[in-house]
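Asks: One file is attached below, entry.pdb, containing PDB, C-alpha atoms.
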ATOM      1  CA  MET R   1      50.087 -54.406  46.707
ATOM      2  CA  THR R   2      50.464 -52.425  43.516
ATOM      3  CA  HIS R   3      53.393 -51.822  41.203
ATOM      4  CA  PRO R   4      53.680 -48.814  38.905
ATOM      5  CA  VAL R   5      53.645 -49.724  35.254
ATOM      6  CA  ALA R   6      54.805 -47.329  32.616
ATOM      7  CA  ASP R   7      52.543 -46.689  29.611
ATOM      8  CA  VAL R   8      54.935 -46.496  26.731
ATOM      9  CA  LYS R   9      52.512 -44.787  24.355
ATOM     10  CA  SER R  10      51.285 -42.032  26.616
ATOM     11  CA  GLY R  11      54.112 -41.729  29.070
ATOM     12  CA  GLN R  12      51.665 -41.999  31.962
ATOM     13  CA  ILE R  13      52.138 -44.112  35.028
ATOM     14  CA  GLN R  14      49.322 -46.582  35.752
ATOM     15  CA  ALA R  15      48.818 -48.526  38.917
ATOM     16  CA  GLN R  16      48.537 -52.287  38.225
ATOM     17  CA  ALA R  17      47.144 -54.571  40.883
ATOM     18  CA  GLU R  18      49.383 -57.458  41.972
ATOM     19  CA  PRO R  19      47.838 -60.914  41.559
ATOM     20  CA  ARG R  20      46.293 -62.178  44.792
ATOM     21  CA  SER R  21      45.881 -65.788  45.913
ATOM     22  CA  ASP R  22      42.722 -67.393  47.093
ATOM     23  CA  ALA R  23      42.355 -69.553  50.123
ATOM     24  CA  GLN R  24      43.916 -72.596  48.353
ATOM     25  CA  GLY R  25      46.920 -70.694  47.156
ATOM     26  CA  HIS R  26      45.793 -70.306  43.555
ATOM     27  CA  PRO R  27      46.357 -66.878  42.163
ATOM     28  CA  GLU R  28      43.181 -64.805  41.750
ATOM     29  CA  LEU R  29      42.920 -63.068  38.411
ATOM     30  CA  ARG R  30      41.078 -59.758  38.158
ATOM     31  CA  PRO R  31      40.155 -58.100  34.844
ATOM     32  CA  GLN R  32      42.057 -54.979  34.074
ATOM     33  CA  VAL R  33      40.211 -51.997  32.569
ATOM     34  CA  PRO R  34      42.338 -50.287  29.965
ATOM     35  CA  ALA R  35      42.969 -46.635  30.770
ATOM     36  CA  LEU R  36      41.581 -44.013  28.471
ATOM     37  CA  ASN R  37      44.139 -42.039  26.583
ATOM     38  CA  PRO R  38      42.915 -38.461  25.928
ATOM     39  CA  SER R  39      45.454 -37.857  23.220
ATOM     40  CA  SER R  40      44.525 -40.985  21.322
ATOM     41  CA  GLU R  41      40.816 -40.119  21.630
ATOM     42  CA  ASN R  42      41.429 -36.716  20.074
ATOM     43  CA  THR R  43      43.402 -38.388  17.322
ATOM     44  CA  ARG R  44      40.461 -40.664  16.493
ATOM     45  CA  GLN R  45      38.061 -37.729  16.445
ATOM     46  CA  GLN R  46      40.321 -35.804  14.090
ATOM     47  CA  THR R  47      40.629 -38.837  11.857
ATOM     48  CA  ALA R  48      36.846 -39.295  11.751
ATOM     49  CA  SER R  49      36.300 -35.660  10.926
ATOM     50  CA  ALA R  50      38.836 -35.920   8.136
ATOM     51  CA  HIS R  51      36.762 -38.643   6.490
ATOM     52  CA  HIS R  52      33.560 -36.541   6.842
ATOM     53  CA  PRO R  53      34.353 -32.968   5.748
ATOM     54  CA  SER R  54      31.738 -30.286   6.516
ATOM     55  CA  HIS R  55      29.636 -29.104   3.586
ATOM     56  CA  HIS R  56      29.027 -25.387   3.054
ATOM     57  CA  HIS R  57      25.877 -24.625   1.093
ATOM     58  CA  LYS R  58      26.359 -21.979  -1.534
ATOM     59  CA  ILE R  59      23.476 -19.909  -2.900
ATOM     60  CA  GLY R  60      23.090 -20.759  -6.562
ATOM     61  CA  VAL R  61      21.050 -19.343  -9.409
ATOM     62  CA  LEU R  62      18.145 -21.771  -8.938
ATOM     63  CA  PRO R  63      17.511 -21.031  -5.204
ATOM     64  CA  ALA R  64      17.732 -17.295  -5.884
ATOM     65  CA  PHE R  65      15.235 -17.637  -8.750
ATOM     66  CA  GLN R  66      12.872 -19.644  -6.540
ATOM     67  CA  SER R  67      13.002 -16.969  -3.822
ATOM     68  CA  LEU R  68      12.294 -14.257  -6.396
ATOM     69  CA  LEU R  69       9.390 -16.290  -7.774
ATOM     70  CA  HIS R  70       7.897 -16.624  -4.279
ATOM     71  CA  LEU R  71       8.108 -12.859  -3.781
ATOM     72  CA  ILE R  72       6.407 -12.243  -7.134
ATOM     73  CA  VAL R  73       3.570 -14.625  -6.254
ATOM     74  CA  ILE R  74       3.062 -12.926  -2.874
ATOM     75  CA  ALA R  75       3.100  -9.469  -4.503
ATOM     76  CA  ILE R  76       0.526 -10.541  -7.098
ATOM     77  CA  PHE R  77      -1.697 -11.957  -4.365
ATOM     78  CA  ILE R  78      -1.516  -8.740  -2.326
ATOM     79  CA  ILE R  79      -2.200  -6.510  -5.343
ATOM     80  CA  THR R  80      -5.085  -8.695  -6.488
ATOM     81  CA  PHE R  81      -6.899  -9.229  -3.201
ATOM     82  CA  CYS R  82      -5.554  -6.919  -0.486
ATOM     83  CA  ALA R  83      -3.866  -3.641  -1.410
ATOM     84  CA  GLN R  84      -2.711  -1.815  -4.516
ATOM     85  CA  PRO R  85      -0.728   1.392  -5.099
ATOM     86  CA  PHE R  86      -2.191   4.301  -7.074
ATOM     87  CA  ARG R  87      -0.873   7.708  -8.102
ATOM     88  CA  ILE R  88      -2.891  10.945  -8.085
ATOM     89  CA  PRO R  89      -2.685  12.521 -11.576
ATOM     90  CA  SER R  90      -5.071  15.516 -11.294
ATOM     91  CA  GLU R  91      -6.008  18.403  -8.996
ATOM     92  CA  SER R  92      -9.655  17.436  -8.446
ATOM     93  CA  MET R  93      -9.052  16.246  -4.843
ATOM     94  CA  GLU R  94      -6.879  19.128  -3.653
ATOM     95  CA  SER R  95      -6.072  19.915  -0.989
ATOM     96  CA  THR R  96      -6.848  16.499   0.510
ATOM     97  CA  LEU R  97      -4.830  14.704  -2.180
ATOM     98  CA  LEU R  98      -2.169  16.414  -4.259
ATOM     99  CA  VAL R  99      -0.817  15.650  -7.702
ATOM    100  CA  GLY R 100       2.088  13.241  -7.193
ATOM    101  CA  ASP R 101       0.692  11.523  -4.088
ATOM    102  CA  PHE R 102       1.070   7.739  -4.102
ATOM    103  CA  LEU R 103      -1.731   5.925  -2.285
ATOM    104  CA  LEU R 104      -1.989   2.435  -0.876
ATOM    105  CA  VAL R 105      -5.594   1.349  -1.413
ATOM    106  CA  ASN R 106      -7.437  -1.247   0.658
ATOM    107  CA  LYS R 107      -9.125  -3.363  -2.022
ATOM    108  CA  GLN R 108     -11.100  -5.408   0.497
ATOM    109  CA  ALA R 109     -13.221  -2.351   1.188
ATOM    110  CA  GLY R 110     -14.152  -2.359  -2.489
ATOM    111  CA  SER R 111     -15.545  -5.871  -2.423
ATOM    112  CA  PRO R 112     -19.285  -5.994  -3.280
ATOM    113  CA  ASN R 113     -19.772  -7.904  -0.006
ATOM    114  CA  ALA R 114     -17.328  -5.839   2.032
ATOM    115  CA  GLU R 115     -19.493  -6.078   5.150
ATOM    116  CA  GLU R 116     -19.184  -9.879   5.116
ATOM    117  CA  PHE R 117     -15.622 -10.150   3.783
ATOM    118  CA  THR R 118     -12.902 -11.146   6.227
ATOM    119  CA  GLY R 119      -9.200 -11.009   5.434
ATOM    120  CA  PRO R 120      -5.828  -9.594   6.480
ATOM    121  CA  LEU R 121      -6.972  -5.962   5.991
ATOM    122  CA  PRO R 122      -9.983  -4.294   7.613
ATOM    123  CA  SER R 123     -13.101  -3.947   5.484
ATOM    124  CA  ALA R 124     -16.042  -1.618   5.878
ATOM    125  CA  ALA R 125     -19.182  -0.462   4.115
ATOM    126  CA  ILE R 126     -19.216   2.647   1.953
ATOM    127  CA  HIS R 127     -20.282   5.701   3.966
ATOM    128  CA  ARG R 128     -20.901   9.319   3.089
ATOM    129  CA  GLY R 129     -17.632  11.236   3.143
ATOM    130  CA  ASP R 130     -15.469   8.205   2.283
ATOM    131  CA  ILE R 131     -12.791   8.609  -0.372
ATOM    132  CA  VAL R 132     -12.959   5.780  -2.902
ATOM    133  CA  VAL R 133     -10.995   4.597  -5.919
ATOM    134  CA  PHE R 134     -13.159   3.281  -8.754
ATOM    135  CA  HIS R 135     -13.249   2.500 -12.455
ATOM    136  CA  ASP R 136     -14.148   5.476 -14.629
ATOM    137  CA  PRO R 137     -17.823   5.031 -15.655
ATOM    138  CA  VAL R 138     -16.963   6.376 -19.128
ATOM    139  CA  ASP R 139     -13.657   4.515 -19.638
ATOM    140  CA  ALA R 140     -13.407   1.453 -17.391
ATOM    141  CA  THR R 141      -9.670   1.098 -18.062
ATOM    142  CA  LEU R 142      -9.006   4.259 -16.020
ATOM    143  CA  HIS R 143      -9.113   4.670 -12.243
ATOM    144  CA  LEU R 144     -10.479   7.760 -10.527
ATOM    145  CA  VAL R 145     -10.504   8.878  -6.912
ATOM    146  CA  LYS R 146     -13.336  10.985  -5.463
ATOM    147  CA  ARG R 147     -15.329  11.474  -2.270
ATOM    148  CA  VAL R 148     -18.722   9.824  -1.743
ATOM    149  CA  ILE R 149     -21.386  12.531  -1.336
ATOM    150  CA  GLY R 150     -24.683  10.806  -2.093
ATOM    151  CA  LEU R 151     -25.783   7.325  -0.987
ATOM    152  CA  PRO R 152     -28.451   5.090  -2.532
ATOM    153  CA  GLY R 153     -31.909   6.583  -1.911
ATOM    154  CA  ASP R 154     -30.657  10.127  -1.206
ATOM    155  CA  HIS R 155     -32.247  13.203  -2.773
ATOM    156  CA  LEU R 156     -29.390  15.486  -3.807
ATOM    157  CA  ARG R 157     -29.076  18.990  -5.175
ATOM    158  CA  LEU R 158     -26.519  21.794  -5.272
ATOM    159  CA  HIS R 159     -27.339  25.450  -4.662
ATOM    160  CA  SER R 160     -24.606  28.048  -5.207
ATOM    161  CA  GLY R 161     -22.076  25.234  -5.027
ATOM    162  CA  ARG R 162     -23.273  23.927  -1.632
ATOM    163  CA  VAL R 163     -24.575  20.367  -1.363
ATOM    164  CA  PHE R 164     -28.003  19.592   0.080
ATOM    165  CA  ILE R 165     -28.958  16.014   0.981
ATOM    166  CA  ASN R 166     -32.641  15.273   1.639
ATOM    167  CA  GLY R 167     -33.270  18.997   2.077
ATOM    168  CA  HIS R 168     -30.431  19.608   4.578
ATOM    169  CA  ALA R 169     -27.133  21.355   3.884
ATOM    170  CA  LEU R 170     -24.193  18.970   4.089
ATOM    171  CA  SER R 171     -21.286  19.939   6.343
ATOM    172  CA  GLU R 172     -18.140  19.606   4.244
ATOM    173  CA  PRO R 173     -14.973  20.876   5.941
ATOM    174  CA  TYR R 174     -12.897  19.150   3.261
ATOM    175  CA  ALA R 175     -14.452  21.053   0.319
ATOM    176  CA  VAL R 176     -12.424  23.813  -1.373
ATOM    177  CA  TYR R 177     -13.982  26.540  -3.547
ATOM    178  CA  ARG R 178     -11.305  28.316  -5.542
ATOM    179  CA  PRO R 179     -12.140  31.421  -7.579
ATOM    180  CA  SER R 180     -13.486  30.543 -11.006
ATOM    181  CA  PRO R 181     -15.967  31.881 -13.568
ATOM    182  CA  PRO R 182     -19.640  31.239 -12.704
ATOM    183  CA  ASP R 183     -21.162  28.002 -13.981
ATOM    184  CA  ASN R 184     -24.882  27.395 -13.403
ATOM    185  CA  PHE R 185     -24.745  23.717 -14.288
ATOM    186  CA  ARG R 186     -21.820  23.079 -11.948
ATOM    187  CA  ASP R 187     -23.037  25.207  -9.024
ATOM    188  CA  ASN R 188     -26.802  24.609  -9.255
ATOM    189  CA  PHE R 189     -27.027  20.925 -10.027
ATOM    190  CA  PRO R 190     -29.186  19.307 -11.389
ATOM    191  CA  ARG R 191     -30.025  21.856 -14.042
ATOM    192  CA  LEU R 192     -32.068  20.964 -17.121
ATOM    193  CA  GLN R 193     -32.193  24.382 -18.806
ATOM    194  CA  SER R 194     -28.799  23.976 -20.455
ATOM    195  CA  ALA R 195     -26.291  21.173 -20.750
ATOM    196  CA  ASP R 196     -22.609  21.655 -20.063
ATOM    197  CA  PRO R 197     -20.422  20.864 -23.113
ATOM    198  CA  GLU R 198     -18.370  18.438 -20.992
ATOM    199  CA  ILE R 199     -21.331  16.376 -19.795
ATOM    200  CA  ASP R 200     -21.652  12.798 -21.025
ATOM    201  CA  SER R 201     -24.640  12.490 -23.389
ATOM    202  CA  ARG R 202     -25.816   9.177 -21.914
ATOM    203  CA  TRP R 203     -25.760  10.675 -18.436
ATOM    204  CA  TRP R 204     -27.697  13.732 -19.608
ATOM    205  CA  ILE R 205     -30.494  11.502 -20.883
ATOM    206  CA  ARG R 206     -30.565   9.300 -17.757
ATOM    207  CA  MET R 207     -30.390  12.234 -15.347
ATOM    208  CA  ARG R 208     -33.590  13.740 -16.717
ATOM    209  CA  SER R 209     -35.545  10.641 -15.637
ATOM    210  CA  LEU R 210     -34.184  10.748 -12.066
ATOM    211  CA  ILE R 211     -35.077  14.336 -11.122
ATOM    212  CA  ASP R 212     -37.993  14.979  -8.799
ATOM    213  CA  ASN R 213     -38.867  18.467  -7.538
ATOM    214  CA  GLY R 214     -35.453  19.791  -8.519
ATOM    215  CA  GLU R 215     -33.576  16.992  -6.682
ATOM    216  CA  LEU R 216     -31.620  14.084  -8.098
ATOM    217  CA  ILE R 217     -32.713  10.686  -6.724
ATOM    218  CA  ILE R 218     -29.799   8.267  -6.356
ATOM    219  CA  PRO R 219     -30.882   4.732  -7.339
ATOM    220  CA  THR R 220     -30.095   1.557  -5.404
ATOM    221  CA  GLY R 221     -26.537   0.254  -5.763
ATOM    222  CA  ASN R 222     -25.139   3.606  -6.960
ATOM    223  CA  TYR R 223     -23.171   6.463  -5.394
ATOM    224  CA  PHE R 224     -22.788  10.152  -6.223
ATOM    225  CA  VAL R 225     -19.149  11.255  -5.934
ATOM    226  CA  MET R 226     -17.434  14.631  -6.165
ATOM    227  CA  GLY R 227     -13.932  16.028  -5.913
ATOM    228  CA  ASP R 228     -12.926  18.169  -2.941
ATOM    229  CA  ASN R 229     -11.719  20.872  -5.325
ATOM    230  CA  ARG R 230     -15.306  21.667  -6.272
ATOM    231  CA  ASN R 231     -14.719  24.270  -8.987
ATOM    232  CA  ASP R 232     -12.106  22.133 -10.762
ATOM    233  CA  SER R 233     -13.467  18.608 -10.589
ATOM    234  CA  GLU R 234     -15.023  16.466 -13.292
ATOM    235  CA  ASP R 235     -17.221  14.158 -11.236
ATOM    236  CA  SER R 236     -20.724  12.669 -10.994
ATOM    237  CA  ARG R 237     -22.206  15.962 -12.144
ATOM    238  CA  TYR R 238     -20.700  15.326 -15.583
ATOM    239  CA  TRP R 239     -20.716  11.541 -16.072
ATOM    240  CA  GLY R 240     -23.156  10.099 -13.542
ATOM    241  CA  PHE R 241     -23.224   7.617 -10.695
ATOM    242  CA  VAL R 242     -20.593   5.119  -9.614
ATOM    243  CA  PRO R 243     -21.993   1.569  -9.389
ATOM    244  CA  ARG R 244     -21.060  -0.433  -6.301
ATOM    245  CA  GLU R 245     -19.253  -3.057  -8.376
ATOM    246  CA  ALA R 246     -17.044  -0.368  -9.979
ATOM    247  CA  ILE R 247     -15.494   0.637  -6.630
ATOM    248  CA  VAL R 248     -11.974  -0.777  -6.262
ATOM    249  CA  GLY R 249     -11.291   0.226  -2.666
ATOM    250  CA  LYS R 250     -10.523   2.955  -0.150
ATOM    251  CA  PRO R 251      -7.175   4.752   0.167
ATOM    252  CA  MET R 252      -5.476   3.957   3.484
ATOM    253  CA  PHE R 253      -2.466   6.272   3.519
ATOM    254  CA  ILE R 254       0.010   8.180   1.350
ATOM    255  CA  TYR R 255       3.209   6.132   1.217
ATOM    256  CA  PHE R 256       5.088   8.645  -0.951
ATOM    257  CA  SER R 257       4.518  12.085  -2.449
ATOM    258  CA  LEU R 258       6.482  13.348  -5.428
ATOM    259  CA  GLN R 259       7.104  17.066  -5.588
ATOM    260  CA  GLN R 260       5.590  18.706  -8.660
ATOM    261  CA  HIS R 261       7.559  21.534 -10.279
ATOM    262  CA  ASP R 262       5.803  23.957 -12.565
ATOM    263  CA  THR R 263       7.786  23.639 -15.783
ATOM    264  CA  ASP R 264       5.425  25.858 -17.795
ATOM    265  CA  ASP R 265       6.435  28.980 -15.902
ATOM    266  CA  ALA R 266      10.128  28.253 -16.436
ATOM    267  CA  SER R 267       9.892  29.122 -20.138
ATOM    268  CA  THR R 268       8.824  32.678 -19.322
ATOM    269  CA  LEU R 269      11.651  33.366 -16.895
ATOM    270  CA  THR R 270      14.603  35.505 -17.889
ATOM    271  CA  GLN R 271      18.092  34.082 -18.129
ATOM    272  CA  GLU R 272      19.072  35.865 -14.922
ATOM    273  CA  ALA R 273      16.148  34.303 -13.054
ATOM    274  CA  LEU R 274      17.077  30.845 -14.358
ATOM    275  CA  ALA R 275      20.669  31.393 -13.237
ATOM    276  CA  ASP R 276      19.430  32.324  -9.776
ATOM    277  CA  GLN R 277      17.380  29.141  -9.640
ATOM    278  CA  ARG R 278      20.385  27.041 -10.648
ATOM    279  CA  ARG R 279      22.442  28.588  -7.870
ATOM    280  CA  GLN R 280      19.682  27.938  -5.379
ATOM    281  CA  HIS R 281      19.517  24.261  -6.358
ATOM    282  CA  ALA R 282      23.237  23.736  -6.775
ATOM    283  CA  SER R 283      23.506  21.636  -3.638
ATOM    284  CA  LYS R 284      22.721  17.956  -4.165
ATOM    285  CA  ILE R 285      21.304  17.729  -0.669
ATOM    286  CA  ASP R 286      18.834  20.512  -1.409
ATOM    287  CA  SER R 287      17.825  18.778  -4.626
ATOM    288  CA  LEU R 288      17.214  15.553  -2.723
ATOM    289  CA  VAL R 289      15.063  17.333  -0.172
ATOM    290  CA  ASP R 290      13.056  19.063  -2.914
ATOM    291  CA  PHE R 291      12.516  15.755  -4.698
ATOM    292  CA  ALA R 292       9.537  14.727  -2.540
ATOM    293  CA  ARG R 293       7.029  16.040  -0.013
ATOM    294  CA  TRP R 294       8.457  14.146   2.931
ATOM    295  CA  SER R 295       5.905  15.571   5.371
ATOM    296  CA  ARG R 296       3.106  13.741   3.522
ATOM    297  CA  THR R 297       4.757  10.324   3.793
ATOM    298  CA  PHE R 298       2.552   7.794   5.654
ATOM    299  CA  GLN R 299      -0.198  10.390   6.073
ATOM    300  CA  VAL R 300      -3.587   8.771   6.626
ATOM    301  CA  VAL R 301      -6.174   9.702   3.980
ATOM    302  CA  ARG R 302      -9.403  11.156   5.365
TER
END
Let me see the structure of the file written as structure tokens.
Replies:
Amino acid sequence: MTHPVADVKSGQIQAQAEPRSDAQGHPELRPQVPALNPSSENTRQQTASAHHPSHHHKIGVLPAFQSLLHLIVIAIFIITFCAQPFRIPSESMESTLLVGDFLLVNKQAGSPNAEEFTGPLPSAAIHRGDIVVFHDPVDATLHLVKRVIGLPGDHLRLHSGRVFINGHALSEPYAVYRPSPPDNFRDNFPRLQSADPEIDSRWWIRMRSLIDNGELIIPTGNYFVMGDNRNDSEDSRYWGFVPREAIVGKPMFIYFSLQQHDTDDASTLTQEALADQRRQHASKIDSLVDFARWSRTFQVVR
């Protein structure tokens, strides 16, 4: 038989078993399990949490500096070994590359052992028709970008501006021939009768020893490069071959292209014409659109 017992603390009613007697009449004692009190349990949890307040981590100067340092190290690694940005400063590669184009160059392709090099970016050997970035043979502190025309061992000559490799005309859909005054040295290369004033003197002396039957023989480990804008390009015709170790890499794509405005013509315009131009570019949105050649963004270089 049970009797209800009131729990003073919780106000709950608990059933307490009545003592029972054994066979000899002695009362049988049974252990009582104390009832759990939900409210008291919550109180203990709140008390424990009060003694252990939660900690909120705040970003300080030192962690921010460490994150910035990590980014700088990664950027230096990528620029040194993988890829590097370059900007086109001249018109020698038009219309493939325009002045103001920003290129991302795969430097692994410029490794002397590119065929054996493995890394995060694809590498490949240098082929005819590839566009390469390299150190200027005259001033090694400068970088130039041209197209590979002649490979080691090739016999090269130009006739009326057209390139012949090993006696066969080279198909060049990328080449552009803009109107310009005739130039026998430029269009009928190699030519020993007269030297162009812009030719490098050391190259002029070396070139004479590499000509056989009117053709230039490209030595081992060197490349003959030219700009796509053939009549307005200072290239291997004027300063010689590009050694393999001077090649930095191959352009992968144009990641940005800055619009070039002809400021020289603006000085010859009348005041009325300048006023018309200001009205045409009055809108900020139009100025933003004219700021870059958005259609060339992420264009693959070929």
Asks: Excluding same-chain residues fewer than 4 positions from R:Ser201, what lies within 9 Å of it counting all atoms listed in the file, as a short mmCIF file (atom, residue, chain, number, x, y, z; two decimals) with C-alpha atoms, keeping the file's coordinate frame?
Replies:
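The resulting file, out13.cif, is shown below:
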data_model
loop_
_atom_site.label_atom_id
_atom_site.label_comp_id
_atom_site.auth_asym_id
_atom_site.auth_seq_id
_atom_site.Cartn_x
_atom_site.Cartn_y
_atom_site.Cartn_z
CA ILE R 205 -30.49 11.50 -20.88
CA ARG R 206 -30.56 9.30 -17.76
CA TRP R 239 -20.72 11.54 -16.07
#
Asks: Between R:Asp200, R:Gly129, R:Phe102, R:Phe185, which has the minimum distance to R:Ser171 (counting all atoms listed in the file)?
Replies: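 Checking each of R:Asp200, R:Gly129, R:Phe102, R:Phe185 against R:Ser171, counting all atoms listed in the file, the winner is R:Gly129.
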Asks: Fewer than 5 positions away in the same chain doesn't count, so skip those; otherwise give me all residues within 7 Å of stretch 248-254 of chain R, counting all atoms listed in the file, as a list in words.
Replies: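 These residues fall inside the cut-off: Asp101, Phe102, Leu103, Leu104, Val105, Asn106, Lys107, Gln108, Ala109, Gly110, Ile131, Val132, Val133, Phe134, Arg296, Thr297, Phe298, Gln299, Val300 and Val301 of chain R.
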